[in-house]
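Chemist: Sharing final_26.txt below, compact mmCIF, C-alpha atoms:
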# COMPACT_ATOMS: atom_id res chain seq x y z
CA MET A 1 -10.99 42.10 14.52
CA THR A 2 -9.80 38.70 15.73
CA PRO A 3 -8.39 36.64 12.83
CA ALA A 4 -10.73 34.01 11.41
CA PRO A 5 -10.15 30.42 12.55
CA LEU A 6 -8.20 28.10 10.32
CA ALA A 7 -10.59 26.67 7.72
CA THR A 8 -10.64 25.17 4.27
CA ARG A 9 -13.03 27.82 2.99
CA ALA A 10 -13.10 31.52 3.76
CA GLY A 11 -15.99 32.81 5.81
CA LEU A 12 -18.33 34.96 3.78
CA GLY A 13 -20.34 37.60 5.57
CA ASP A 14 -19.58 41.26 4.96
CA GLU A 15 -17.91 41.08 1.53
CA ALA A 16 -16.83 44.69 1.15
CA ALA A 17 -13.43 45.22 -0.43
CA MET A 18 -10.46 45.14 1.92
CA ALA A 19 -8.24 48.12 2.63
CA GLY A 20 -5.19 48.56 0.39
CA ASP A 21 -2.56 47.03 2.70
CA LEU A 22 -1.92 43.34 3.30
CA ASP A 23 -3.44 43.30 6.82
CA SER A 24 -7.10 42.90 5.91
CA ARG A 25 -9.80 44.02 8.34
CA TYR A 26 -11.20 40.50 8.08
CA GLY A 27 -8.06 38.82 9.49
CA ARG A 28 -5.16 37.82 7.28
CA ARG A 29 -5.81 35.06 4.76
CA ALA A 30 -3.69 33.20 2.23
CA LEU A 31 -4.88 31.24 -0.78
CA VAL A 32 -3.19 27.82 -0.74
CA THR A 33 -3.23 26.07 -4.12
CA ARG A 34 -1.33 22.89 -3.13
CA PRO A 35 -2.84 19.39 -3.27
CA ARG A 36 -4.76 18.67 -0.08
CA ALA A 37 -2.16 16.38 1.55
CA GLU A 38 0.55 19.05 1.33
CA ALA A 39 -1.84 21.92 2.08
CA ALA A 40 -2.52 20.72 5.63
CA GLU A 41 1.11 21.12 6.72
CA LEU A 42 1.35 24.52 5.07
CA ALA A 43 -1.91 25.64 6.70
CA ALA A 44 -0.44 24.83 10.12
CA ALA A 45 2.66 26.91 9.36
CA LEU A 46 0.43 29.80 8.28
CA ALA A 47 -1.74 29.54 11.38
CA ALA A 48 1.38 29.89 13.54
CA ARG A 49 1.89 33.24 11.80
CA GLY A 50 -1.66 34.43 12.37
CA ILE A 51 -2.71 33.73 8.78
CA ALA A 52 -5.78 31.66 7.94
CA ALA A 53 -5.55 29.32 4.94
CA LEU A 54 -8.11 29.27 2.18
CA ILE A 55 -7.35 25.84 0.72
CA GLU A 56 -8.15 25.48 -2.97
CA PRO A 57 -6.31 22.41 -4.35
CA LEU A 58 -5.69 22.92 -8.05
CA LEU A 59 -4.42 19.37 -8.52
CA ASP A 60 -6.22 16.22 -7.39
CA ILE A 61 -3.73 13.41 -6.73
CA GLN A 62 -4.88 9.97 -7.90
CA PHE A 63 -2.59 7.12 -6.88
CA ARG A 64 -2.36 4.13 -9.22
CA SER A 65 -3.10 0.66 -7.92
CA GLY A 66 -0.30 -0.99 -9.88
CA PRO A 67 1.71 -2.53 -11.24
CA MET A 68 4.37 -2.50 -8.54
CA PRO A 69 7.73 -1.41 -9.98
CA ASN A 70 10.45 -4.06 -10.21
CA LEU A 71 13.11 -3.07 -7.69
CA VAL A 72 15.32 -6.15 -7.92
CA ALA A 73 18.27 -4.60 -9.80
CA VAL A 74 17.64 -0.96 -8.84
CA GLN A 75 20.49 0.71 -6.93
CA ALA A 76 18.49 3.75 -5.76
CA VAL A 77 15.08 5.41 -6.01
CA LEU A 78 14.71 9.05 -7.05
CA CYS A 79 11.66 11.01 -5.91
CA THR A 80 10.80 14.49 -7.13
CA SER A 81 7.75 14.95 -4.90
CA GLY A 82 6.20 13.79 -1.67
CA ASN A 83 3.40 12.27 -3.72
CA GLY A 84 5.92 10.03 -5.45
CA VAL A 85 7.10 8.79 -2.06
CA ARG A 86 3.51 8.16 -0.96
CA ALA A 87 2.75 6.34 -4.20
CA LEU A 88 5.77 4.04 -3.89
CA ALA A 89 5.06 3.33 -0.22
CA ARG A 90 1.49 2.31 -1.08
CA LEU A 91 2.66 -0.24 -3.65
CA SER A 92 5.86 -1.67 -2.21
CA PRO A 93 7.00 -2.78 1.27
CA GLU A 94 10.64 -2.14 0.28
CA ARG A 95 12.23 0.45 2.59
CA ARG A 96 15.94 -0.45 2.44
CA LEU A 97 16.86 0.93 -0.97
CA PRO A 98 18.59 4.33 -0.90
CA LEU A 99 16.07 7.07 -1.69
CA LEU A 100 17.27 10.41 -3.06
CA ALA A 101 14.74 13.22 -2.70
CA VAL A 102 14.59 16.47 -4.61
CA GLY A 103 14.13 18.54 -1.45
CA ASP A 104 13.76 18.48 2.30
CA ALA A 105 9.96 18.14 2.31
CA THR A 106 10.14 15.08 0.04
CA ALA A 107 12.91 13.64 2.22
CA ALA A 108 10.80 14.20 5.34
CA ARG A 109 7.93 12.30 3.73
CA ALA A 110 10.33 9.43 2.92
CA HIS A 111 11.45 9.29 6.56
CA ALA A 112 7.80 9.33 7.66
CA GLU A 113 7.05 6.40 5.35
CA GLY A 114 9.86 4.38 6.92
CA PHE A 115 12.60 4.53 4.29
CA ALA A 116 15.89 3.80 6.02
CA GLU A 117 18.44 5.59 3.82
CA VAL A 118 17.27 9.02 2.63
CA ALA A 119 19.22 11.96 1.24
CA SER A 120 17.90 15.37 0.19
CA ALA A 121 19.22 17.39 -2.75
CA GLY A 122 17.76 20.48 -1.09
CA GLY A 123 16.63 22.09 -4.30
CA ALA A 124 15.48 21.42 -7.85
CA VAL A 125 15.70 18.59 -10.39
CA GLU A 126 19.19 19.69 -11.42
CA ASP A 127 20.33 19.43 -7.78
CA LEU A 128 18.87 15.93 -7.52
CA ALA A 129 20.75 14.86 -10.66
CA ALA A 130 23.97 16.27 -9.21
CA LEU A 131 23.40 14.46 -5.90
CA ALA A 132 22.78 11.16 -7.67
CA ALA A 133 25.91 11.58 -9.80
CA ALA A 134 27.99 12.35 -6.71
CA ARG A 135 26.71 9.42 -4.61
CA LEU A 136 26.05 6.71 -7.15
CA SER A 137 27.85 5.02 -10.03
CA PRO A 138 26.47 4.14 -13.47
CA GLU A 139 27.95 0.67 -12.99
CA GLY A 140 25.92 0.12 -9.81
CA GLY A 141 22.65 -0.56 -11.62
CA PRO A 142 19.67 1.37 -12.95
CA LEU A 143 17.96 4.19 -11.08
CA LEU A 144 14.20 4.32 -10.63
CA HIS A 145 12.51 7.72 -10.93
CA VAL A 146 9.12 7.58 -9.24
CA ALA A 147 6.98 10.22 -10.93
CA GLY A 148 3.54 11.44 -11.82
CA SER A 149 1.99 11.48 -15.26
CA VAL A 150 3.28 15.05 -15.74
CA THR A 151 6.81 15.96 -14.66
CA ALA A 152 8.81 19.17 -14.43
CA GLY A 153 12.34 19.11 -15.74
CA ASP A 154 14.21 16.23 -17.39
CA LEU A 155 15.78 14.24 -14.56
CA ALA A 156 16.26 11.12 -16.68
CA GLY A 157 17.95 13.11 -19.45
CA LEU A 158 20.34 14.78 -17.02
CA LEU A 159 21.38 11.44 -15.56
CA ARG A 160 21.58 9.57 -18.85
CA ALA A 161 24.01 12.24 -20.03
CA ARG A 162 26.19 11.12 -17.09
CA GLY A 163 26.00 7.49 -18.14
CA PHE A 164 23.22 6.27 -15.84
CA ALA A 165 20.37 3.99 -16.87
CA VAL A 166 17.13 5.53 -15.60
CA GLU A 167 13.69 3.94 -15.52
CA ARG A 168 10.60 6.04 -14.91
CA ALA A 169 7.68 4.59 -12.97
CA VAL A 170 4.47 6.63 -13.26
CA LEU A 171 2.68 5.82 -10.00
CA TYR A 172 0.21 8.70 -9.71
CA GLU A 173 -1.69 11.25 -11.71
CA ALA A 174 -2.21 14.89 -10.79
CA ARG A 175 -5.51 15.96 -12.35
CA PRO A 176 -6.13 19.70 -12.75
CA ALA A 177 -9.18 21.32 -11.19
CA ALA A 178 -11.95 22.14 -13.65
CA ALA A 179 -12.88 25.41 -11.94
CA LEU A 180 -12.21 27.48 -8.85
CA GLY A 181 -14.62 26.80 -6.01
CA ALA A 182 -17.52 29.24 -5.63
CA ALA A 183 -16.40 30.31 -2.14
CA THR A 184 -12.88 30.97 -3.40
CA VAL A 185 -14.17 33.08 -6.28
CA ARG A 186 -16.34 35.13 -3.90
CA SER A 187 -13.50 35.53 -1.40
CA LEU A 188 -11.06 36.74 -4.06
CA ASP A 189 -13.62 39.03 -5.65
CA ALA A 190 -14.56 40.56 -2.28
CA GLY A 191 -10.99 41.23 -1.17
CA LEU A 192 -11.01 38.64 1.61
CA VAL A 193 -7.62 37.21 0.55
CA ASP A 194 -4.32 38.97 1.16
CA ILE A 195 -1.81 36.69 -0.52
CA ALA A 196 -1.71 33.70 -2.89
CA LEU A 197 0.92 30.95 -2.70
CA PHE A 198 2.12 28.89 -5.69
CA PHE A 199 4.40 25.86 -5.44
CA SER A 200 4.75 24.75 -9.06
CA PRO A 201 4.56 26.13 -12.60
CA ARG A 202 1.67 23.78 -13.31
CA THR A 203 -0.53 24.96 -10.43
CA ALA A 204 0.29 28.58 -11.24
CA ALA A 205 -0.72 28.02 -14.88
CA ILE A 206 -3.94 26.29 -13.82
CA PHE A 207 -4.77 29.18 -11.50
CA ARG A 208 -4.14 31.71 -14.28
CA GLU A 209 -6.50 29.88 -16.64
CA LEU A 210 -9.24 29.41 -14.03
CA ALA A 211 -9.00 32.97 -12.71
CA LEU A 212 -9.39 34.38 -16.21
CA ARG A 213 -12.28 32.00 -16.90
CA ALA A 214 -14.01 33.06 -13.68
CA GLY A 215 -13.58 36.76 -14.52
CA ILE A 216 -11.84 37.63 -11.26
CA ALA A 217 -8.48 38.79 -12.63
CA PRO A 218 -9.15 42.48 -11.74
CA ALA A 219 -9.60 41.51 -8.08
CA LEU A 220 -6.04 40.17 -7.97
CA ALA A 221 -4.74 43.75 -8.00
CA ARG A 222 -5.35 43.72 -4.22
CA ILE A 223 -3.36 40.50 -3.65
CA ALA A 224 0.35 39.65 -3.54
CA ALA A 225 1.60 36.38 -5.05
CA VAL A 226 4.49 34.35 -3.67
CA SER A 227 5.93 31.56 -5.84
CA LEU A 228 8.36 28.77 -5.03
CA SER A 229 10.42 29.24 -8.20
CA PRO A 230 10.96 31.67 -11.09
CA ALA A 231 9.18 29.18 -13.38
CA ALA A 232 6.08 29.22 -11.17
CA ASP A 233 6.17 33.02 -11.06
CA GLN A 234 6.51 33.20 -14.85
CA ALA A 235 3.33 31.11 -15.24
CA LEU A 236 1.38 33.92 -13.53
CA GLU A 237 2.38 36.41 -16.23
CA GLY A 238 -0.56 38.52 -17.35
CA LEU A 239 -2.42 38.46 -14.03
CA PRO A 240 -2.51 41.90 -12.35
CA PHE A 241 -1.26 40.92 -8.88
CA ALA A 242 -0.37 43.87 -6.64
CA ALA A 243 3.10 42.33 -6.26
CA ARG A 244 4.88 39.09 -7.16
CA HIS A 245 7.63 37.56 -5.06
CA THR A 246 9.80 34.47 -5.57
CA ALA A 247 11.47 32.33 -2.92
CA ALA A 248 15.27 32.35 -2.84
CA ARG A 249 15.30 28.54 -2.97
CA PRO A 250 12.63 26.09 -4.18
CA ASP A 251 11.52 24.89 -0.74
CA GLN A 252 8.77 25.72 1.74
CA PRO A 253 11.00 27.39 4.38
CA SER A 254 12.27 29.83 1.73
CA LEU A 255 8.73 30.60 0.61
CA LEU A 256 7.68 31.18 4.22
CA ALA A 257 10.69 33.47 4.67
CA VAL A 258 9.36 35.66 1.84
CA LEU A 259 5.95 35.62 3.48
CA ASP A 260 7.45 36.68 6.82
CA GLY A 261 9.09 39.61 5.10
CA ILE A 262 5.88 41.01 3.64
CA MET A 263 3.38 39.84 6.29
CA PRO A 264 5.10 39.93 9.71
CA ALA A 265 3.69 37.39 12.18
CA SER A 266 0.69 38.39 14.32
CA GLN A 267 -1.17 36.43 16.96
CA PRO A 268 -1.39 32.70 16.08
CA ILE A 269 -4.80 31.50 14.99
Just give me the structure of the file as structure tokens.

Modeler:
Amino acid sequence: MTPAPLATRAGLGDEAAMAGDLDSRYGRRALVTRPRAEAAELAAALAARGIAALIEPLLDIQFRSGPMPNLVAVQAVLCTSGNGVRALARLSPERRLPLLAVGDATAARAHAEGFAEVASAGGAVEDLAALAAARLSPEGGPLLHVAGSVTAGDLAGLLRARGFAVERAVLYEARPAAALGAATVRSLDAGLVDIALFFSPRTAAIFRELALRAGIAPALARIAAVSLSPAADQALEGLPFAARHTAARPDQPSLLAVLDGIMPASQPI
């Protein structure tokens, strides 16, 4: 059967359970749990592999309207997510300060927003702290960590241990979903999803809670999970996925490499 077109919700017609392998008779589908802004780019990468995306954002990003952070004495900005870059760009016209990004996707967002001097740590919070320590000096002025209301890791603590002054500006809030969408529940329960993708420990934990609440945990035995990091994978503990895989590095290309290994590309959607 020709794979379903790329859509934000799975089509629901014949809802019989899929066969045991990952190539479902309904066309291959992946559950994408990222916030909507990031999910669009991932959906395009999946479509190029012949995989339709069932987009179920488990975090709703709410940008704050102010106050604008004081950048006068700041020697560099640290961003641990693309949403942090978006939030800063909405509030401030400043684009000349050096911006250090946790990974390549965050760095790409900074370039897209017009920041002139961008460097990527290519990994996790610890890598960003190491990059900042290598490129900057504690005597050069404070660092500004643009963050959400909930953060992973202790970037400020890592840098303060190296003598840096670090200020944290909370410019957005990531609100958890209250429940899985009805179409997503039906799609999972009917075996219309082949694989589920998780990019953070928080979204994985939210999915675990909502899946148990919806009573669909047994249906996950037909689905493989791919997580961006060991911490995200650990948050899925207790769910009976058919298999769980973890990317070699905490970035989207590494996650897609895992996906390519278990679901070889078919005709693009």

Chemist: At what distance in Å, to one decimal, does atom CA of Leu158 of chain A lie from atom CA of Pro253 of chain A?

Modeler: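 A separation of 26.5 Å between them.
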
Chemist: Which residue, A:Leu220, A:Ala112, A:Leu31, A:Ala76, has the smallest gap to Gly181 of chain A when you use only C-alpha atoms?

Modeler: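 Among the listed residues, the smallest separation from Gly181 of chain A belongs to A:Leu31.
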
Chemist: Taking (8.9, 4.2, 6.3) in the file's coordinates as the center, which residues reach within 10 Å of it, counting all atoms listed in the file, put as a PyMOL selection string?

Modeler: chain A and resi 85-86+89+93-96+109-117

Chemist: Restricting the output to C-alpha atoms, write the selected residues as a tab-separated table (two decimals), in the coordinates of the input.

Modeler:
chain	number	residue	atom	x	y	z
A	85	VAL	CA	7.10	8.79	-2.06
A	86	ARG	CA	3.51	8.16	-0.96
A	89	ALA	CA	5.06	3.33	-0.22
A	93	PRO	CA	7.00	-2.78	1.27
A	94	GLU	CA	10.64	-2.14	0.28
A	95	ARG	CA	12.23	0.45	2.59
A	96	ARG	CA	15.94	-0.45	2.44
A	109	ARG	CA	7.93	12.30	3.73
A	110	ALA	CA	10.33	9.43	2.92
A	111	HIS	CA	11.45	9.29	6.56
A	112	ALA	CA	7.80	9.33	7.66
A	113	GLU	CA	7.05	6.40	5.35
A	114	GLY	CA	9.86	4.38	6.92
A	115	PHE	CA	12.60	4.53	4.29
A	116	ALA	CA	15.89	3.80	6.02
A	117	GLU	CA	18.44	5.59	3.82

Chemist: Which residues come within 12 Å of Gly261 of chain A, counting only C-alpha atoms, excluding same-chain residues fewer than 5 positions away, as a PyMOL selection string?

Modeler: chain A and resi 22+49+226+245-247+254-256

Chemist: Excluding segment 240-242 of chain A and its own-chain neighbours fewer than 4 positions away, which residues fall within 6 Å of it when counting all atoms listed in the file? Please give them as a PDB file with C-alpha atoms, in the frame of the given file.

Modeler:
ATOM      1  CA  LEU A 220      -6.040  40.170  -7.970  1.00  0.00           C
ATOM      2  CA  ALA A 221      -4.740  43.750  -8.000  1.00  0.00           C
ATOM      3  CA  ARG A 222      -5.350  43.720  -4.220  1.00  0.00           C
ATOM      4  CA  ILE A 223      -3.360  40.500  -3.650  1.00  0.00           C
ATOM      5  CA  ALA A 224       0.350  39.650  -3.540  1.00  0.00           C
TER       6      ALA A 224
END

Chemist: Give as a PyMOL selection string every residue, naming chains and numbers as the document does, that has an atom within 9 Å of (16.9, 16.8, -4.4), counting only C-alpha atoms.

Modeler: chain A and resi 78-80+100-104+106-107+119-132

Chemist: So what do you get for atom CA of Gly153 of chain A versus atom CA of Ala177 of chain A, distance-wise?

Modeler: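 Answer for the atom CA of Gly153 of chain A to atom CA of Ala177 of chain A separation: 22.1 Å.
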
Chemist: One decimal, in Å: what's the spacing between atom CA of Ile61 of chain A and atom CA of Gln252 of chain A?

Modeler: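 Between these atoms lies a distance of 19.5 Å.
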
Chemist: Pick from A:Leu88, A:Ala217, A:Ala30, A:Val193: nearest to Phe63 of chain A, with only C-alpha atoms counted?

Modeler: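 Of the candidates, the smallest distance to Phe63 of chain A is held by A:Leu88.
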
Chemist: Tell me which of A:Arg208, A:Leu59, A:Ala87, A:Ala161 sits closest to Ala133 of chain A, counting all atoms listed in the file.

Modeler: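 Closest residue, counting all atoms listed in the file: A:Ala161.
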
Chemist: When you count only C-alpha atoms, which of these residues is closest to Ser187 of chain A: A:Gly82, A:Pro201, A:His145, A:Ala53?

Modeler: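 Residue with the minimum atom-to-atom distance to Ser187 of chain A: A:Ala53.
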
Chemist: Point out the residue among A:Ala182, A:Ala105, A:Ala248, A:Ala204 with the least atom-to-atom distance to Ala231 of chain A, counting only C-alpha atoms.

Modeler: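 Smallest distance to Ala231 of chain A is found for A:Ala204.
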
Chemist: When you count all atoms listed in the file, which of these residues is closest to Ala211 of chain A: A:Leu192, A:Val32, A:Ala147, A:Leu239?

Modeler: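 Closest to Ala211 of chain A of all the choices is A:Leu239.
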
Chemist: Would you kindly return, as an MDAnalysis selection string, each protein, DNA or RNA residue with an atom no farther than 9 Å from any atom of Ser65 of chain A, considering only C-alpha atoms and excluding same-chain residues fewer than 6 positions away?

Modeler: chainID A and resid 87 90:91 171:172
